[in-house]
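These notes concern the structure reproduced below.
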Amino acid sequence: VTRALVGILVLALCGPAQAHKPSDSYLHLGAPIAAGDRARLPLRWDVALRDLDRALGIDTDHDGAITWGEVRAADRAARALLMAHFGASVAGSACTIVDRTGAAPKIARHSDGTYAVYSFELDCPVVKESIEVDYSLLFDLDPQHRGLLRAPGGAGEQVVVLSRQQRSVKLSLPEARSPARHLFAAIGEGIHHIWTGYDHLLFLLALLLPAVLRREGRQWLPVDRLKVALIDVLKVVTAFTAAHSVTLSLAALGVLSLPSRLVESAIAASVVLAALNNLWPLVRADRWLAAFALGLLHGFGFSSTLADLGLSAATLLPTLVGFNLGVEIGQACVVAIFVPIAYLLRRRGVYRWGLLQAGSVLIAIVAALWLCERAFDVVIISR
Amino acid sequence: VTREPRRSLVGFVVAAAMIIAVLLAARRHRPDDAPFVPRDDVEVLERIAGGQGADPAADALRALEAELARAPTDLHLAARVARAHIEAARSSGDARRLSYAEAALTPFWKTEPVPTSALLLRATIRQSRHEFAAALGDLDVVIGREKNAQALLTRASVLLVLGRWDEARASCARLVGVATPLVEAACLAQVEGVVGDAGARARLLVLAAAPGTSAADRAWASSIAGEAAWYAGDTAGAEKTLRAALDADPGDAYTRALLCDLLLDAGRDAEVLTLVRADEPNEVLLLRRAIAAGRTQAADAGALAERLKAREVDLRARGDHSHLREEARRLLTLEHDPVGALAAAQANFEQQKEPWDARVLLEAAVATRSEEGKTAARPALEWLARSKCAWPPLEQAGTALGATP
């Protein structure tokens with residue numbers, strides 16, 4: 001029963017005391033990567049902005065609103081705080097927690113508010129099947145704070161709750177992956193991403209639809225030979241690939257970073273443009289150039305997924321190469337399925353009128369809805 | 001040429017089917033916690049205590065905390081800091097604030113004997129975390145040392161939640177002479193509100209209306225009287241009194257939630273939507289809005305339900321089980337999961353036994369239409385028989401359960 005009385009304090013029994021979740025931070029430890037006789041583990045750590053403010057006073061102008069500028073200004077202090085409150089050891093020898101990215105944190109929304117996302121790497125002297133983790137963030141300021149640590153286990157994922165009473169835990173780990181195995185895992189992620197990254201898929205489709213046709217005057221006519229279609233597809237897909245590999249790498253290395261909403265909106269816009277170009281062709285012969293230009297954009301989009309994979313110095317190269325390869329393989333599958341069917345259907349009206357025209361209209365509509373969603377931050381269709 | 005429109009239609013349907021399939025599949029992907037880079041430096045990412053603009057109370061508390069950091073052994077200072085945080089937790093519902101209060105007091109809980117003020121505040125914190133046995137332990141130590149009004153009042157509240165009405169009444173009776181008549185009347189009205197004597201409520205309202213009663217006291221007394229009136233079946237009187245309490249203290253989330261529940265029972269869902277805004281951070285209130293939104297098929301109904309569900313998942317992950325009553329109601333009303341709701345309500349009833357706890361257990365049991373439901377709800381029926389609580393929705397649920405084949 002929540003009631004206050006002047007001079008006498010009566011507090012919540014069943015009322016709003018649970019109206020907010022208490023403080024948690026979320027840690028995600030990645031699978032270990034063998035690097036010589038050492039092991040490296042990527043660590044993603046999400047910390048509530050409210051907690052960072054409690055510990056570091058990041059709301060420097062005390063206006064009750066934490067801005068992106070304030071989070072960035074507190075970056076150094078925040079990383080130092082986190083690194084001082086997390087430790088790990090393998091078979092008695094301490095691992096070092098390393099901050100190799102040097103880039104600004106990212107932001108993520110959890111059910112109870114906004115969190116800053118930091119990436120670290122644990123550098124452990126030996127490779128063993130278990131690791132001892134020690135956590136002490138915020139316990140002096142907020143005794144009910146918890147650290148929720150996710151880690152890959154021997155059989156599936158394990159989640160442990162670290163608290164003031166239970167600060168350390170021993171985790172069993174899967175066998176350390178060699179860089180080669182990491183490469184294969186990243187290839188899988190790349191393929192998966194193309195098949196579930198619907199904006200990229202629709203963009204690719206919009207580019208591929210006219211590949212089995214040629215434009216004459218105001219009309220689409222079927223191409224005569226498969227070779228012509230294949231060369232066109234090859235040019236477009238290669239240009240797209242080369243372009244997004246460049247920006248993906250730049251973003252992953254922390255050289256370039258663009259606001260997510262801008263990138264996502266621009267990607268949606270690129271899909272609209274690609275689809276509209278099929279209806280009112282402006283770019284004809286040089287479609288590969290357009291694919292290259294817009295591919296630069298899509299690379300930034302891929303990079304946000306890559307960040308989720310837990311990038312660290314040890315994994316950067318294999319991840320980057322593997323992910324790019326995976327994306328190419330995924331695209332090659334789309335091409336391999338789409339082009340033969342399109343080639344066979346190319347003389348039919350269904351293809352020219354239905355798939356090309358109506359398909360492009362639909363793609364343009366869907367992408368335009370995405371564009372509205374992303375640009376104005378509303379939900380129209382769930383992606 | 002004449003065939004072209006038909007072909008176009010076929011192609012359109014094929015393309016549409018493909019895209020719709022892709023979009024449906026897409027709904028499941030893309031994790032909610034995907035990291036992103038904000039637009040620019042001035043983008044506001046989070047609002048903290050006080051919300052918009054300067055907050056003098058927050059500034060004062062900050063200064064007090066800085067002082068405490070320099071003199072962490074100053075009990076008086078620590079108690080002031082703790083009280084400020086507990087007050088904030090009360091009005092905002094922010095569990096972090098309870099924890100900050102705990103942090104300020106922790107050094108004194110390690111001393112032997114623990115000073116009375118530190119014990120009393122610990123009991124308050126424990127009570128709000130639903131650690132009732134521990135809270136009672138602290139309160140008994142305090143009362144053993146001195147006839148402390150705060151301790152007696154808090155003890156009565158805890159005993160009431162546990163369904164130990166006679167002991168609660170006795171604790172209130174001991175307030176005579178130590179607390180003001182208003183406090184004593186409020187203590188009794190709270191107990192009698194559940195186990196039925198309208199006289200206590202009437203006396204409280206008379207005392208609250210007396211000249212010289214502060215606005216805060218009047219709000220507090222009105223809230224208790226309003227709740228008691230509702231349990232007694234006087235819905236109109238309850239609404240009037242609760243609204244008066246809310247006028248005197250608009251920040252009182254407990255009273256607002258009570259009023260929402262009363263309106264939801266009356267089917268006045270639209271009024272709940274105006275009483276709780278969509279951006280309300282307090283999730284107890286948000287559950288009320290979500291129920292009203294679901295019934296009126298408001299645009300944000302789905303999003304609200306998703307948000308409350310996500311929070312529940314996160315609470316589970318940290319091992320928190322102190323909010324089972326709310327969880328049972330969420331499962332029953334938003335998820336339409338009577339079996340899950342019954343399990344939550346049953347576990348909840350083992351911890352606490354207020355009228356709402358009994359009601360949600362009975363309603364969940366009725367909704368399961370099962371023999372298991374009847375068995376699970378037996379403690380609530382016994383509670384109903386013992387308390388003689390005359391709250392109509394509770395009696396209806398009891399009757400409905402009895403009528404279940």
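Ligands are numbered from 1 in the order shown, residues from 1 within each chain, and chains are lettered A, B, ... in the order they appear in the structure tokens.
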
- [ ] If you run DSSP over the backbone, which residues in segment 48-231 of chain B end up alpha helix (DSSP H)? Put them as number ranges by chain.
- [x] B: 56-70, 75-92, 95-109, 116-128, 132-145, 149-161, 165-173, 181-195, 198-209, 215-231

- [ ] Apply DSSP to the structure's backbone, then extract all residues of segment 57-145 of chain A labelled strand (DSSP E) and return them as a ChimeraX atom specification.
- [x] /A:65-67,86-90,93-98,106-110,113-124,130-135

Residues just named, written with C-alpha atoms as a PDB file, in the first residue's frame:
```pdb
ATOM      1  CA  ALA A  65      17.766  14.272 -20.602  1.00  0.00           C
ATOM      2  CA  ILE A  66      20.762  12.230 -21.698  1.00  0.00           C
ATOM      3  CA  THR A  67      21.814  13.040 -25.238  1.00  0.00           C
ATOM      4  CA  PHE A  86      35.122  -6.903 -14.973  1.00  0.00           C
ATOM      5  CA  GLY A  87      37.760  -9.536 -14.654  1.00  0.00           C
ATOM      6  CA  ALA A  88      38.331 -13.029 -15.970  1.00  0.00           C
ATOM      7  CA  SER A  89      40.840 -15.781 -15.513  1.00  0.00           C
ATOM      8  CA  VAL A  90      41.559 -19.132 -17.060  1.00  0.00           C
ATOM      9  CA  SER A  93      45.934 -16.915 -14.815  1.00  0.00           C
ATOM     10  CA  ALA A  94      44.237 -13.615 -15.394  1.00  0.00           C
ATOM     11  CA  CYS A  95      42.904 -12.529 -18.745  1.00  0.00           C
ATOM     12  CA  THR A  96      43.174  -8.886 -19.714  1.00  0.00           C
ATOM     13  CA  ILE A  97      40.158  -6.947 -20.854  1.00  0.00           C
ATOM     14  CA  VAL A  98      41.110  -4.962 -23.899  1.00  0.00           C
ATOM     15  CA  LYS A 106      26.500   2.156 -30.033  1.00  0.00           C
ATOM     16  CA  ILE A 107      23.048   2.442 -28.578  1.00  0.00           C
ATOM     17  CA  ALA A 108      20.433  -0.239 -28.025  1.00  0.00           C
ATOM     18  CA  ARG A 109      16.912  -0.208 -26.633  1.00  0.00           C
ATOM     19  CA  HIS A 110      15.964  -2.750 -24.004  1.00  0.00           C
ATOM     20  CA  GLY A 113      15.220   1.959 -21.427  1.00  0.00           C
ATOM     21  CA  THR A 114      18.181   2.941 -23.500  1.00  0.00           C
ATOM     22  CA  TYR A 115      21.560   1.306 -23.139  1.00  0.00           C
ATOM     23  CA  ALA A 116      25.055   2.090 -24.395  1.00  0.00           C
ATOM     24  CA  VAL A 117      26.693  -0.873 -26.142  1.00  0.00           C
ATOM     25  CA  TYR A 118      30.428  -1.347 -25.622  1.00  0.00           C
ATOM     26  CA  SER A 119      32.662  -3.875 -27.313  1.00  0.00           C
ATOM     27  CA  PHE A 120      35.673  -5.346 -25.573  1.00  0.00           C
ATOM     28  CA  GLU A 121      37.880  -8.358 -25.969  1.00  0.00           C
ATOM     29  CA  LEU A 122      39.195 -10.725 -23.346  1.00  0.00           C
ATOM     30  CA  ASP A 123      42.748 -11.794 -23.992  1.00  0.00           C
ATOM     31  CA  CYS A 124      43.469 -15.001 -22.082  1.00  0.00           C
ATOM     32  CA  SER A 130      36.315 -23.055 -18.727  1.00  0.00           C
ATOM     33  CA  ILE A 131      36.711 -19.463 -17.667  1.00  0.00           C
ATOM     34  CA  GLU A 132      36.206 -17.731 -14.324  1.00  0.00           C
ATOM     35  CA  VAL A 133      34.423 -14.394 -14.584  1.00  0.00           C
ATOM     36  CA  ASP A 134      34.364 -11.691 -11.932  1.00  0.00           C
ATOM     37  CA  TYR A 135      31.835  -8.843 -12.007  1.00  0.00           C
TER      38      TYR A 135
END
```

TODO: Select, from A:Ala290, A:Ile187, A:Leu356, A:Val236, the residue with the minimum atom-to-atom distance to Leu213 of chain A, counting only C-alpha atoms.
DONE: A:Leu356

Task: Between atom CA of Pro318 of chain A and atom CA of Leu173 of chain A - distance in Å to one decimal - done: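 These atoms are spaced 20.7 Å apart.
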
Task: Contact residues around Asn348 of chain B with only C-alpha atoms at 9 Å, ignoring same-chain residues under 6 positions, as JSON, numbers by chain - done: {"B": [321, 322, 323, 324, 325, 328, 357, 361]}

Open item on the list: Env of Ala170 of chain B: 12 Å cut, atoms = only C-alpha atoms, seq-sep filter 5 positions within chain, self excluded. Answer as a PyMOL selection string.
Closed with: chain B and resi 152-153+155-157+159-160+164-165+175-176+184+187-188+191

Open item on the list: Nearest residue to Asp140 of chain A out of B:Arg97, B:Glu102, B:Arg80, B:Glu167, using only C-alpha atoms?
Closed with: B:Glu102

Open item on the list: When you count only C-alpha atoms, which of these residues is closest to chain B: A:Ala77, A:Ile33, A:Cys333, A:Leu258?
Closed with: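 Nearest candidate to chain B out of A:Ala77, A:Ile33, A:Cys333, A:Leu258: A:Leu258.
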
- [ ] Would you list the contacts of Arg288 of chain B as a list in words, taking every protein, DNA or RNA residue within 7 Å and counting only C-alpha atoms, but skipping same-chain residues closer than 4 positions in sequence?
- [x]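 In the requested format, the answer is Cys260, Val284 and Ala292 of chain B.
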
How would the residues just picked look written out with N, CA, C and O atoms as a JSON list (two decimals), in the first residue's frame?
```json
[["chain", "number", "residue", "atom", "x", "y", "z"],
["B", 260, "CYS", "N", -7.93, 3.44, -11.83],
["B", 260, "CYS", "CA", -7.97, 2.75, -13.13],
["B", 260, "CYS", "C", -8.69, 1.42, -13.00],
["B", 260, "CYS", "O", -9.53, 1.07, -13.83],
["B", 284, "VAL", "N", 3.13, -0.45, -13.90],
["B", 284, "VAL", "CA", 1.90, -0.89, -13.24],
["B", 284, "VAL", "C", 0.72, -0.14, -13.85],
["B", 284, "VAL", "O", -0.32, -0.72, -14.19],
["B", 292, "ALA", "N", -7.14, -1.47, -21.09],
["B", 292, "ALA", "CA", -8.16, -0.60, -21.69],
["B", 292, "ALA", "C", -7.95, -0.51, -23.20],
["B", 292, "ALA", "O", -8.92, -0.54, -23.97]]
```

Task: Counting only C-alpha atoms, the option among B:Glu372, B:Glu146, B:Asp337, B:Asp252 closest to chain A - done: B:Asp252

Open item on the list: Can you pull out the residues contacting Ala211 of chain A? Cut-off 8 Å, using only C-alpha atoms, and skip same-chain residues under 4 positions away; I want them as an MDAnalysis selection string.
Closed with: chainID A and resid 207 229:230 232:233

Would you write out those residues with N, CA and C atoms, as a short mmCIF file (atom, residue, chain, number, x, y, z; two decimals), in the first residue's frame?
```
data_model
loop_
_atom_site.label_atom_id
_atom_site.label_comp_id
_atom_site.auth_asym_id
_atom_site.auth_seq_id
_atom_site.Cartn_x
_atom_site.Cartn_y
_atom_site.Cartn_z
N LEU A 207 17.10 -5.01 -59.18
CA LEU A 207 18.17 -4.89 -60.17
C LEU A 207 18.14 -6.04 -61.17
N ALA A 229 22.17 -11.79 -71.00
CA ALA A 229 21.57 -11.63 -69.68
C ALA A 229 22.60 -11.86 -68.58
N LEU A 230 23.38 -12.90 -68.76
CA LEU A 230 24.36 -13.26 -67.72
C LEU A 230 25.41 -12.16 -67.55
N ASP A 232 25.03 -9.02 -68.11
CA ASP A 232 24.39 -7.91 -67.41
C ASP A 232 24.30 -8.19 -65.91
N VAL A 233 23.87 -9.41 -65.57
CA VAL A 233 23.74 -9.79 -64.16
C VAL A 233 25.11 -9.72 -63.48
#
```

Task: Between atom CA of Ala367 of chain B and atom CA of Glu271 of chain B, distance in Å (one decimal) - done: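 About the pair atom CA of Ala367 of chain B and atom CA of Glu271 of chain B: they are 26.1 Å apart.
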